[in-house]
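Text of start.txt, listed as compact mmCIF, C-alpha atoms:
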# COMPACT_ATOMS: atom_id res chain seq x y z
CA MET S 1 -1.86 2.15 9.56
CA ALA S 2 -0.84 1.48 5.95
CA LEU S 3 1.03 4.80 5.82
CA LYS S 4 2.94 3.89 8.98
CA LEU S 5 3.88 0.51 7.52
CA LEU S 6 5.05 2.15 4.31
CA PHE S 7 7.14 4.65 6.28
CA TYR S 8 8.84 1.95 8.37
CA THR S 9 9.47 -0.17 5.30
CA ALA S 10 11.13 2.79 3.56
CA VAL S 11 13.28 3.52 6.64
CA LEU S 12 14.39 -0.12 6.86
CA PHE S 13 15.13 -0.21 3.13
CA LEU S 14 17.28 2.93 3.32
CA ALA S 15 19.04 1.76 6.48
CA PHE S 16 19.81 -1.64 4.96
CA PHE S 17 21.15 -0.31 1.67
CA GLY S 18 22.90 2.60 3.37
CA TYR S 19 24.73 0.16 5.63
CA ARG S 20 25.64 -2.04 2.67
CA SER S 21 27.08 1.00 0.92
CA TYR S 22 29.01 1.98 4.06
CA ALA S 23 30.31 -1.54 4.62
CA ALA S 24 31.38 -1.91 0.99
CA THR S 25 33.61 1.16 1.26
CA SER S 26 35.30 0.24 4.51
CA SER S 27 38.68 -0.11 2.78
CA THR S 28 39.94 3.37 2.19
CA LEU S 29 42.82 5.09 0.49
CA GLN S 30 45.89 5.84 2.57
CA ILE S 31 48.60 8.49 2.44
CA GLY S 32 51.27 7.24 0.03
CA ASP S 33 48.82 5.31 -2.19
CA ASP S 34 48.64 6.06 -5.89
CA ALA S 35 45.77 8.45 -6.56
CA PRO S 36 43.09 6.70 -8.61
CA ALA S 37 43.14 7.87 -12.23
CA PHE S 38 40.17 9.75 -13.61
CA THR S 39 38.80 10.97 -16.92
CA LEU S 40 36.02 13.54 -16.52
CA ASN S 41 34.65 16.52 -18.40
CA ASP S 42 34.46 20.05 -17.05
CA ALA S 43 31.66 22.58 -17.50
CA GLN S 44 32.87 23.43 -21.02
CA GLY S 45 33.11 19.79 -22.11
CA GLN S 46 36.92 19.68 -21.93
CA THR S 47 38.25 16.32 -20.75
CA HIS S 48 40.53 16.26 -17.70
CA TYR S 49 42.77 13.38 -16.67
CA LEU S 50 44.71 12.91 -13.45
CA SER S 51 47.85 12.77 -15.60
CA ASP S 52 47.19 16.39 -16.70
CA TYR S 53 48.36 17.43 -13.23
CA ALA S 54 51.58 15.38 -13.08
CA GLY S 55 54.49 17.44 -11.79
CA LYS S 56 52.26 19.67 -9.66
CA TYR S 57 50.37 19.31 -6.44
CA LEU S 58 46.66 18.75 -7.00
CA VAL S 59 43.94 19.74 -4.56
CA LEU S 60 41.20 17.32 -5.62
CA TYR S 61 38.10 18.16 -3.66
CA PHE S 62 34.79 16.34 -3.75
CA TYR S 63 31.68 18.23 -2.76
CA PRO S 64 27.98 17.34 -2.45
CA LYS S 65 26.05 19.87 -4.56
CA ASP S 66 26.54 22.99 -6.67
CA ASP S 67 25.24 26.28 -5.30
CA THR S 68 24.48 25.10 -1.76
CA PRO S 69 25.74 27.10 1.24
CA GLY S 70 28.63 24.87 2.35
CA CYS S 71 29.76 24.05 -1.16
CA THR S 72 29.62 27.71 -2.16
CA LYS S 73 31.68 28.75 0.86
CA GLU S 74 34.28 26.07 0.16
CA ALA S 75 34.53 26.92 -3.57
CA CYS S 76 34.76 30.68 -2.94
CA ASN S 77 37.51 30.18 -0.35
CA PHE S 78 39.47 28.10 -2.88
CA ARG S 79 38.87 30.88 -5.43
CA ASP S 80 40.06 33.56 -3.02
CA ASP S 81 43.15 31.55 -1.99
CA MET S 82 44.00 30.33 -5.49
CA GLY S 83 46.98 32.70 -5.82
CA GLN S 84 48.59 31.33 -2.67
CA LEU S 85 47.92 27.75 -3.72
CA GLU S 86 49.42 28.33 -7.17
CA LYS S 87 52.55 29.92 -5.62
CA LEU S 88 52.94 26.63 -3.76
CA GLY S 89 52.68 24.72 -7.06
CA ALA S 90 49.13 23.47 -6.58
CA LYS S 91 46.17 23.27 -8.93
CA ILE S 92 42.55 23.01 -7.74
CA VAL S 93 39.88 20.71 -9.17
CA GLY S 94 36.38 20.20 -7.78
CA ILE S 95 34.27 17.09 -8.44
CA SER S 96 30.62 16.37 -7.73
CA VAL S 97 27.92 14.20 -9.25
CA ASP S 98 26.19 17.29 -10.68
CA ASN S 99 26.16 17.64 -14.47
CA SER S 100 28.27 20.00 -16.59
CA GLU S 101 25.45 22.51 -17.03
CA SER S 102 25.02 22.81 -13.26
CA HIS S 103 28.80 23.24 -12.89
CA ALA S 104 28.83 25.95 -15.59
CA ASN S 105 26.10 27.92 -13.82
CA PHE S 106 27.80 27.54 -10.42
CA ALA S 107 31.21 28.58 -11.77
CA LYS S 108 29.77 31.57 -13.62
CA LYS S 109 27.71 32.78 -10.65
CA TYR S 110 30.70 32.74 -8.27
CA HIS S 111 33.51 33.43 -10.78
CA LEU S 112 35.25 30.15 -10.04
CA PRO S 113 38.50 30.02 -12.06
CA PHE S 114 39.26 26.32 -11.59
CA PRO S 115 37.65 23.28 -13.21
CA LEU S 116 34.56 21.61 -11.78
CA LEU S 117 34.31 18.08 -13.13
CA ALA S 118 31.07 16.21 -13.69
CA ASP S 119 31.11 12.71 -12.19
CA THR S 120 27.45 12.06 -12.95
CA ASN S 121 27.64 8.30 -12.46
CA GLY S 122 29.73 8.64 -9.29
CA ASN S 123 32.48 6.27 -10.44
CA VAL S 124 35.38 8.60 -9.67
CA ALA S 125 33.98 9.60 -6.28
CA ASP S 126 33.53 5.89 -5.57
CA SER S 127 37.16 5.14 -6.53
CA TYR S 128 38.23 7.71 -3.91
CA HIS S 129 35.72 6.29 -1.38
CA ALA S 130 34.01 9.69 -1.46
CA LEU S 131 30.56 8.58 -2.57
CA THR S 132 27.40 8.06 -0.59
CA ASN S 133 25.34 5.66 -2.65
CA LEU S 134 21.84 4.99 -1.40
CA TYR S 135 20.93 3.40 -4.76
CA LEU S 136 18.19 5.94 -5.32
CA VAL S 137 20.49 8.90 -4.65
CA LYS S 138 24.24 9.31 -5.15
CA ILE S 139 26.07 12.22 -3.60
CA ALA S 140 29.74 13.03 -3.21
CA LYS S 141 31.07 13.29 0.32
CA ARG S 142 32.95 16.45 1.28
CA TYR S 143 36.44 14.90 1.07
CA THR S 144 39.65 16.43 -0.24
CA PHE S 145 42.78 14.70 -1.45
CA LEU S 146 46.10 16.50 -1.76
CA ILE S 147 48.00 14.66 -4.46
CA ASN S 148 51.73 15.18 -4.81
CA PRO S 149 53.58 15.83 -8.10
CA SER S 150 54.29 12.10 -8.57
CA GLY S 151 50.61 11.15 -8.27
CA LYS S 152 50.68 9.85 -4.70
CA ILE S 153 48.19 10.88 -2.03
CA ALA S 154 49.97 13.29 0.33
CA ARG S 155 47.02 14.23 2.57
CA ILE S 156 43.42 13.12 3.02
CA TYR S 157 40.80 15.42 4.53
CA LYS S 158 37.58 13.71 5.59
CA SER S 159 36.45 16.19 8.21
CA VAL S 160 36.27 19.46 6.30
CA ASP S 161 35.39 22.83 7.80
CA THR S 162 34.44 24.86 4.73
CA SER S 163 35.34 28.17 6.40
CA ASN S 164 39.07 27.38 6.73
CA HIS S 165 39.73 24.37 4.52
CA SER S 166 41.73 26.14 1.83
CA GLN S 167 43.95 27.74 4.49
CA GLN S 168 44.46 24.31 6.06
CA ILE S 169 45.71 23.03 2.71
CA ILE S 170 48.00 26.05 2.27
CA ASP S 171 49.49 25.39 5.72
CA ASP S 172 49.95 21.68 4.93
CA LEU S 173 51.59 22.44 1.58
CA LYS S 174 54.06 24.74 3.32
CA LEU S 175 54.87 21.98 5.86
CA ILE S 176 55.27 19.33 3.16
CA GLN S 177 57.55 21.50 1.06
CA ASN S 178 59.86 22.49 3.94
Is it possible to express this structure as structure tokens?
Amino acid sequence: MALKLLFYTAVLFLAFFGYRSYAATSSTLQIGDDAPAFTLNDAQGQTHYLSDYAGKYLVLYFYPKDDTPGCTKEACNFRDDMGQLEKLGAKIVGISVDNSESHANFAKKYHLPFPLLADTNGNVADSYHALTNLYLVKIAKRYTFLINPSGKIARIYKSVDTSNHSQQIIDDLKLIQN
């Protein structure tokens, strides 16, 4: 009986705070908005700023966890399509709440040639409304933002299919640029 009560209390607690987190992020970014600025370190400790990517398209993708099946598939597809994306004037940056050491291991294991930034406190993901915050656990949502050379949001992807996402961005970049 006590175990059942504890279970239901935990479920209610998570539901309540999960809803509060969801309700607090109901205002979202829109196409044409300025992309929120960020300052984050990569796996080697180098600091990256949104302004570093001015004058180029930026594929800023948030992902839940290093070295998990969906995140690995998405990262490897970006890696494999990086040449096409660069020909279209785009840079790729991944962000999750994992730490720099985790990013370094993930990048090394899969030969990822683009920066993975450590947003360990979740503030940047939160500024893009790409954070699930259950107070005990923070995790980035699988969202991608295509940012244009002037720092405005050109496309927002909230329903990502990891098997074809990089191709979807390539197709959208071609449409935008024509």
Can you work out the spacing between CA of Lys73 in chain S and CA of Ser166 in chain S in Å, to one decimal? 10.4 Å
Minimum-distance residue to Ile153 in chain S, chosen among S:Tyr49, S:Glu86, S:Tyr128, S:Gln177 (using only C-alpha atoms): S:Tyr128
Pick out the closest residue to Asp80 in chain S from this set: S:Phe114, S:Tyr157, S:Tyr61, S:Phe145. Count all atoms listed in the file.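 Of all the options, S:Phe114 lies closest to Asp80 in chain S.
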Identify, on the basis of all atoms listed in the file, every residue whose closest approach to range 132-142 of chain S does not exceed 6 Å; exclude the query and any residue fewer than 4 positions from it along the same chain; express the result as number ranges by chain. S: 18, 62-64, 96
Hey, can you spit out that residue selection with C-alpha atoms as a PDB file, keeping the file's coordinate frame?
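File part_34.pdb, as written:
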ATOM      1  CA  GLY S  18      22.900   2.600   3.370  1.00  0.00           C
ATOM      2  CA  PHE S  62      34.790  16.340  -3.750  1.00  0.00           C
ATOM      3  CA  TYR S  63      31.680  18.230  -2.760  1.00  0.00           C
ATOM      4  CA  PRO S  64      27.980  17.340  -2.450  1.00  0.00           C
ATOM      5  CA  SER S  96      30.620  16.370  -7.730  1.00  0.00           C
TER       6      SER S  96
END
Which is closer to Thr68 in chain S than all the others in S:Phe106, S:Asp126, S:Asp33, S:Leu146, using only C-alpha atoms? S:Phe106
Select, from S:Leu40, S:Ser163, S:Val59, S:Asn105, the residue with the minimum atom-to-atom distance to Met82 in chain S, counting all atoms listed in the file.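 Looking at the shortest contact to Met82 in chain S, the residue is S:Val59.
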Point-to-point distance from CA of Glu101 in chain S to CA of Ile169 in chain S, Å rounded to tenths: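 We find that CA of Glu101 in chain S and CA of Ile169 in chain S lie 28.3 Å from each other.
Across the model, the gap from CA of Asn121 in chain S to CA of Lys56 in chain S is 27.3 Å.
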Identify the residues around (22.8, 22.1, -6.2) within a radius of 10 Å, measuring from all atoms listed in the file in the coordinates stated by the file, and give them as a VMD selection string. chain S and resid 64 to 69 71 to 72 96 to 99 102 to 103 106
So which one's closest to Gln44 in chain S, S:Gly94, S:Gly83, S:Gly70, S:Pro115? Using only C-alpha atoms, please.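 Result for the nearest residue to Gln44 in chain S: S:Pro115.
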Counting only C-alpha atoms, the option among S:Leu50, S:Ile170, S:Ala43, S:Leu175 closest to Leu117 in chain S: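 Checking each candidate against Leu117 in chain S, we get S:Ala43 as the closest.
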